[in-house]
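Since the structure comes first, as structure tokens, the remarks are kept for the end.
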Amino acid sequence: MYGRYTQELGVYAKEEAARLRDGGVRDGGGMRRNTSIRSRAADLLEYEKDPCAKCQLCASRCQKFLISRVGEDWIFLILLGLVMALVSWVMDYAIAFCQEAQKWMYGGLDSNMLLQYIAWVTYPVVLITFSAGFTQILAPQAVGSGIPEMKTILRGVVLKEYLTFKTFVAKVIGLTCALGSGMPLGKEGPFVHVASLCAALLSKFMAALFGGTFMNELRNTEMLSAACAVGVGCCFAAPIGGVLFSIEVTSTFFAVRNYWRGFFAATFSAFIFRVLAVWNQEEETITALFKTRFRLDCPFDLQELPAFAILGIACGFGGALFVYLNRLIVECMRKQKTINKFLLRKRLVYPALVTLLVSTLTFPPGFGQFMAGQLTQHESLVALFDNRTWCRQGVAEEFDYISHHHAWKHPQVNVFITLILFIIMKFWMSAVATTMPVPCGAFMPVFLIGAAFGRLVGEIMAAMFPDGIHAAGSVYPIVPGGYAVVGAAALSGAVTHTVSTAVIVFELTGQISHILPVMIAVILANAVAQALQPSLYDSIIRIKKLPYLPELGMGHHEKYNIRVEDIMVRDVRFITLNSSYRDLQEMLLTGQLKTLALVESRDTMILLGSIERLQLQSLLALQLSHQRRLEYLRLLAQDNGTQDHLPSLATDSTPSSPCTHTHVNDSTEVEDCMTPSESVRLSVSSTVSSQIAEWEEQQLDEQVEFKNCKIDPAPFQLVEQTSLHKTHTIFSLLGLDHAYVTSMGRLVGVVSLKELRKAIEGSVTVTGVKVRPPLASFRDSGNSTNVSEVTELHKLCIRHRGLSLPREPNLPDRIKVVLFLFFYWCQQIL
């Protein structure tokens with residue numbers, strides 16, 4: 001029965017849709033009405049008039065077919081993945097070309113070391129300076145990673161300037177030049193921003209092509225969430241890790257409906273990105289970026305797990321230190337007023353000096369020979385992930401592989417010293433370089449440092465057990481490359497506070513043989529880092545003071561005992577149904593709130609809804625509009641019989657005067673140089689101006705008509721007893737920036753991100769925010785009274801006060817409340 005009923009409904013729906021699409025209605029005999037005939041005749045006439053009409057009709061039909069069969073989301077995700085794969089491949093090609101150009105200049109001047117140094121240093125300084133200047137001129141919003149801004153945007157905050165075409169151009173060109181310079185900078189974070197920019201621009205294109213579907217705010221948020229996954233997927237050819245990393249980094253609460261979008265777009269983008277590499281003959285087939293060849297029979301022994309755990313803990317401390325050092329550098333420059341003013345005036349000096357310093361220290365014939373300074377990040381990772389041991393017993397051996405062996409081998413220094421110097425120098429260089437005002441990220445430098453640290457631990461293990469670890473009669477040699485993989489995942493996970501770096505490592509190396517040690521190390525590193533410092537992206541959010549809501553810390557039980565009434569702002573700006581336009585004008589002039597609460601009256605304070613500031617401005621502009629002024633002038637002219645002078649008054653035209661005096665200082669002289677008609681105009685103009693002023697005053701005193709504006713009848717509301725934990729969850733889940741606090745429907749306060757953030761951070765002692773109300777002291781976890789009893793007592797107090805507006809109780813009221821509670825508890829105990 002249900003199947004036949006559903007099938008009939010489907011047939012009816014198809015016939016009805018066809019009837020509406022063709023513009024006609026079928027009658028009982030199956031014949032079309034005259035409307036269909038007229039529409040076909042009109043189409044034929046259009047074909048005769050415009051030869052392109054048939055092409056336009058075919059294009060329209062193809063568009064409808066694509067929408068109905070393929071779907072708008074699929075088209076958008078395919079275009080997003082394709083564009084981002086092309087952008088990533090072109091950028092990698094340009095970056096590799098820039099780095100090869102630097103090596104070519106360095107190698108061509110091998111006869112003169114001074115010229116080599118000049119070429120080695122000047123080239124990156126020019127690229128970094130151009131990147132900083134170009135970005136600053138075109139779009140300063142392109143500076144930095146972009147993930148903190150995207151995290152804020154996906155939280156619900158509007159940052160329109162971060163998703164413009166100019167920002168896209170500045171980000172792509174600036175990032176290409178910055179990475180091409182060879183500085184210890186990353187690509188992954190900025191590429192998340194690039195993918196989001198591409199998604200925002202594609203949304204506008206899709207809205208123009210398929211209609212206004214993509215202008216929906218919810219749809220844009222969904223597409224931006226998918227774009228963040230695409231940014232990581234096409235950067236490392238790691239679609240699974242990209243989706244998980246984007247969820248961990250940018251989302252507090254993730255909607256499962258966006259899961260398939262992220263996976264599809266990231267997979268398609270990563271596939272096209274690797275296919276382009278094969279097409280350009282860079283690879284023979286689709287393979288991992290850093291392909292490893294670890295043995296699969298026994299990649300590691302169980303006795304090595306403590307070493308992996310210690311490696312993870314050490315990476316946790318290292319990640320926290322990196323975040324702290326990065327923030328310390330920025331704060332020191334901002335606190336030093338002299339340095340801050342100088343850098344603001346000379347914006348290109350700081351990146352040029354940092355690049356000069358780093359390039360000098362990495363100069364291969366100089367100090368760079370002790371830290372593999374001539375290798376790029378890609379070449380260094382290929383060497384560090386190698387599965388063969390570099391030394392035994394601390395003595396440098398002959399490298400049996402071809403590529404990059406000379407960079408890590410030094411006749412006077414063994415591999416341990418080289419790795420230690422590489423880790424220390426790259427650590428502070430990366431922390432300093434990521435503070436430059438250029439598009440850059442920190443994931444790849446941290447990833448490289450972690451790989452080097454893991455390689456150091458692996459080489460130490462290989463030196464301690466030169467013959468391998470004996471297990472069950474078999475000898476399995478140590479694989480230092482496996483330690484490098486574990487260290488890379490652990491340190492990058494500690495800096496970003498993510499676990500998905502483990503999956504990214506598996507996709508980058510093409511092997512999951514070390515899945516257990518990688519997961520152990522990443523989890524331990526996250527546990528240590530989260531206990532010491534925020535993530536790098538949260539640290540940048542704090543530095544830039546972006547309107548983002550921090551997370552509730554673990555173990556801070558006192559914060560769970562705070563209620564909304566403890567942190568809400570009680571001085572709420574509102575308008576009533578009886579408000580006049582003058583009240584509206586004063587409200588708009590004295591405040592900058594985006595929305596205002598609408599209440600029934602000042603006596604009842606019943607919350608009816610909220611109105612946006614733009615709507616109120618439109619109401620005021622409509623009340624004092626130019627058309628209403630002209631209508632009033634016409635009525636005024638009809639009453640006074642001066643219709644002839646209305647056009648000049650309405651258009652504010654200045655009457656021409658034959659008077660030739662340059663300076664007029666006396667009214668009699670003005671009257672002498674005017675014609676009689678002009679005198680009449682002047683007198684009428686002064687009279688009308690005063691009458692218009694009186695009319696404006698009358699209009700401002702009238703009651704506001706709210707019928708001509710959009711009112712949100714259901715703004716989000718909280719009650720006074722809502723806990724801080726629940727408030728934080730609601731704000732994070734719904735992306736709220738403020739919520740009204742009501743008591744039995746009456747407006748009593750408002751809570752915004754500012755108050756909630758101060759409450760979480762523990763600094764709620766600001767003007768207008770009440771930290772601890774009288775009853776809050778009885779909600780401490782150490783007291784025996786439970787929350788339900790206190791809530792009932794609070795209700796009794798409100799009922800006793802006759803449902804009046806809640807206000808700050810004075811000292812006698814507090815004494816009465818304390819005595820009332822004391823006698824109540826005594827009665828309960830007896």
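We label chains A, B, ... in the order they appear in the structure tokens, count residues from 1 in each chain, and number ligands from 1 in the order shown.
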
Per DSSP on the backbone, filter range 584-652 of chain A down to the residues in strand (DSSP E) and report them as a VMD selection string.
-> chain A and resid 595 to 599 607 to 612

Do you know which residues are at most 9 Å from Tyr106 in chain A counting only C-alpha atoms, after dropping those on the same chain fewer than 4 positions away, and could you put them as a list of chain:residue names?
-> A:Ala101, A:Gln102, A:Asp110, A:Leu115, A:Gln116, A:Tyr117, A:Ala119, A:Trp120

Keeping only N, CA and C atoms, take the residues you just selected and write them out as an mmCIF file, in the first residue's frame.
```cif
data_model
loop_
_atom_site.group_PDB
_atom_site.id
_atom_site.type_symbol
_atom_site.label_atom_id
_atom_site.label_comp_id
_atom_site.auth_asym_id
_atom_site.auth_seq_id
_atom_site.Cartn_x
_atom_site.Cartn_y
_atom_site.Cartn_z
ATOM 1 N N ALA A 101 66.934 28.120 -8.734
ATOM 2 C CA ALA A 101 67.640 29.312 -9.208
ATOM 3 C C ALA A 101 68.670 29.776 -8.195
ATOM 4 N N GLN A 102 68.335 29.704 -6.915
ATOM 5 C CA GLN A 102 69.295 30.081 -5.884
ATOM 6 C C GLN A 102 70.502 29.151 -5.898
ATOM 7 N N ASP A 110 81.272 29.401 -7.717
ATOM 8 C CA ASP A 110 82.102 28.627 -6.794
ATOM 9 C C ASP A 110 83.541 29.088 -6.754
ATOM 10 N N LEU A 115 81.315 36.333 -3.579
ATOM 11 C CA LEU A 115 80.178 36.441 -4.494
ATOM 12 C C LEU A 115 79.138 35.360 -4.207
ATOM 13 N N GLN A 116 79.611 34.195 -3.806
ATOM 14 C CA GLN A 116 78.667 33.144 -3.408
ATOM 15 C C GLN A 116 77.812 33.590 -2.227
ATOM 16 N N TYR A 117 78.460 34.202 -1.236
ATOM 17 C CA TYR A 117 77.720 34.663 -0.057
ATOM 18 C C TYR A 117 76.722 35.761 -0.430
ATOM 19 N N ALA A 119 75.281 36.272 -3.326
ATOM 20 C CA ALA A 119 74.166 35.675 -4.071
ATOM 21 C C ALA A 119 73.260 34.850 -3.147
ATOM 22 N N TRP A 120 73.880 34.109 -2.225
ATOM 23 C CA TRP A 120 73.108 33.257 -1.308
ATOM 24 C C TRP A 120 72.210 34.079 -0.383
#
```

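Going from CA of Leu524 in chain A over to CA of Val256 in chain A, you cover 27.7 Å.
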
Nearby residues (only C-alpha atoms) at most 9 Å from range 615-629 of chain A, same-chain spacing under 2 positions excluded, as a VMD selection string | chain A and resid 581 to 582 584 to 585 588 611 to 613 631 to 634 650 692 695 to 696 699 to 700 704 to 706 708 to 711

Save the residues we just selected, C-alpha atoms, as a compact mmCIF listing (two decimals), in the first residue's frame?
```txt
# COMPACT_ATOMS: atom_id res chain seq x y z
CA TYR A 581 11.93 58.05 16.52
CA ARG A 582 13.85 60.46 18.72
CA LEU A 584 15.70 55.59 18.12
CA GLN A 585 17.99 58.36 16.93
CA LEU A 588 21.84 54.87 17.24
CA ILE A 611 16.19 44.22 15.71
CA GLU A 612 19.40 44.75 13.76
CA ARG A 613 21.00 48.15 13.67
CA GLU A 631 5.35 65.85 0.05
CA TYR A 632 5.33 68.17 3.04
CA LEU A 633 6.66 71.02 0.91
CA ARG A 634 3.89 70.50 -1.64
CA ALA A 650 12.91 71.32 -3.43
CA ILE A 692 10.90 71.91 7.84
CA TRP A 695 8.30 69.14 10.83
CA GLU A 696 11.40 67.09 11.59
CA GLN A 699 8.36 63.39 13.03
CA LEU A 700 10.97 62.47 15.63
CA VAL A 704 7.94 54.10 15.78
CA GLU A 705 6.11 51.90 13.30
CA PHE A 706 7.80 48.51 13.51
CA ASN A 708 8.26 48.23 8.11
CA CYS A 709 11.28 46.37 9.55
CA LYS A 710 12.35 42.80 10.13
CA ILE A 711 12.18 41.67 13.74
```

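Nearest to Arg327 in chain A of all the residues A:Leu456, A:Val354, A:Cys315, A:Leu536 is A:Leu536, based on only C-alpha atoms.
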
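The gap separating CA of Gly493 in chain A from CA of Phe443 in chain A is 9.2 Å, in Å to one decimal.
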
Might you pull out every residue within 6 Å of range 77-85 of chain A, with only C-alpha atoms counted and same-chain residues fewer than 6 positions away left off, and present them as a list in words?
-> Cys234, Ala265, Phe268, Ser269, Ile272 and Phe273 of chain A

Residue with the minimum atom-to-atom distance to Ala463 in chain A, picked from A:Ile417, A:Leu328, A:Ile286, A:Ile478 with only C-alpha atoms counted, is A:Ile478

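Across A:Leu491, A:Leu197, A:Leu163, A:Val432, the tightest approach to Leu353 in chain A is made by A:Val432 when counting only C-alpha atoms.
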
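Considering only C-alpha atoms, the residue among A:Thr285, A:Gly366, A:Ile575, A:Ser196 positioned nearest to Met113 in chain A is A:Gly366.
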
Minimum-distance residue to Gln136 in chain A, chosen among A:Ile540, A:Leu608, A:Ala759, A:Leu348 (using only C-alpha atoms) | A:Leu348

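Among the candidates A:Leu321, A:Leu311, A:Ala433, A:Ile329, the residue lying nearest to Ser181 in chain A is A:Ala433 (atoms considered: only C-alpha atoms).
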
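Around Thr576 in chain A, within 6 Å and counting only C-alpha atoms, the residues found are Asn578, Ser579, Leu598, Val599, Glu600 and Ser601 of chain A, once anything fewer than 2 positions away on its own chain is removed.
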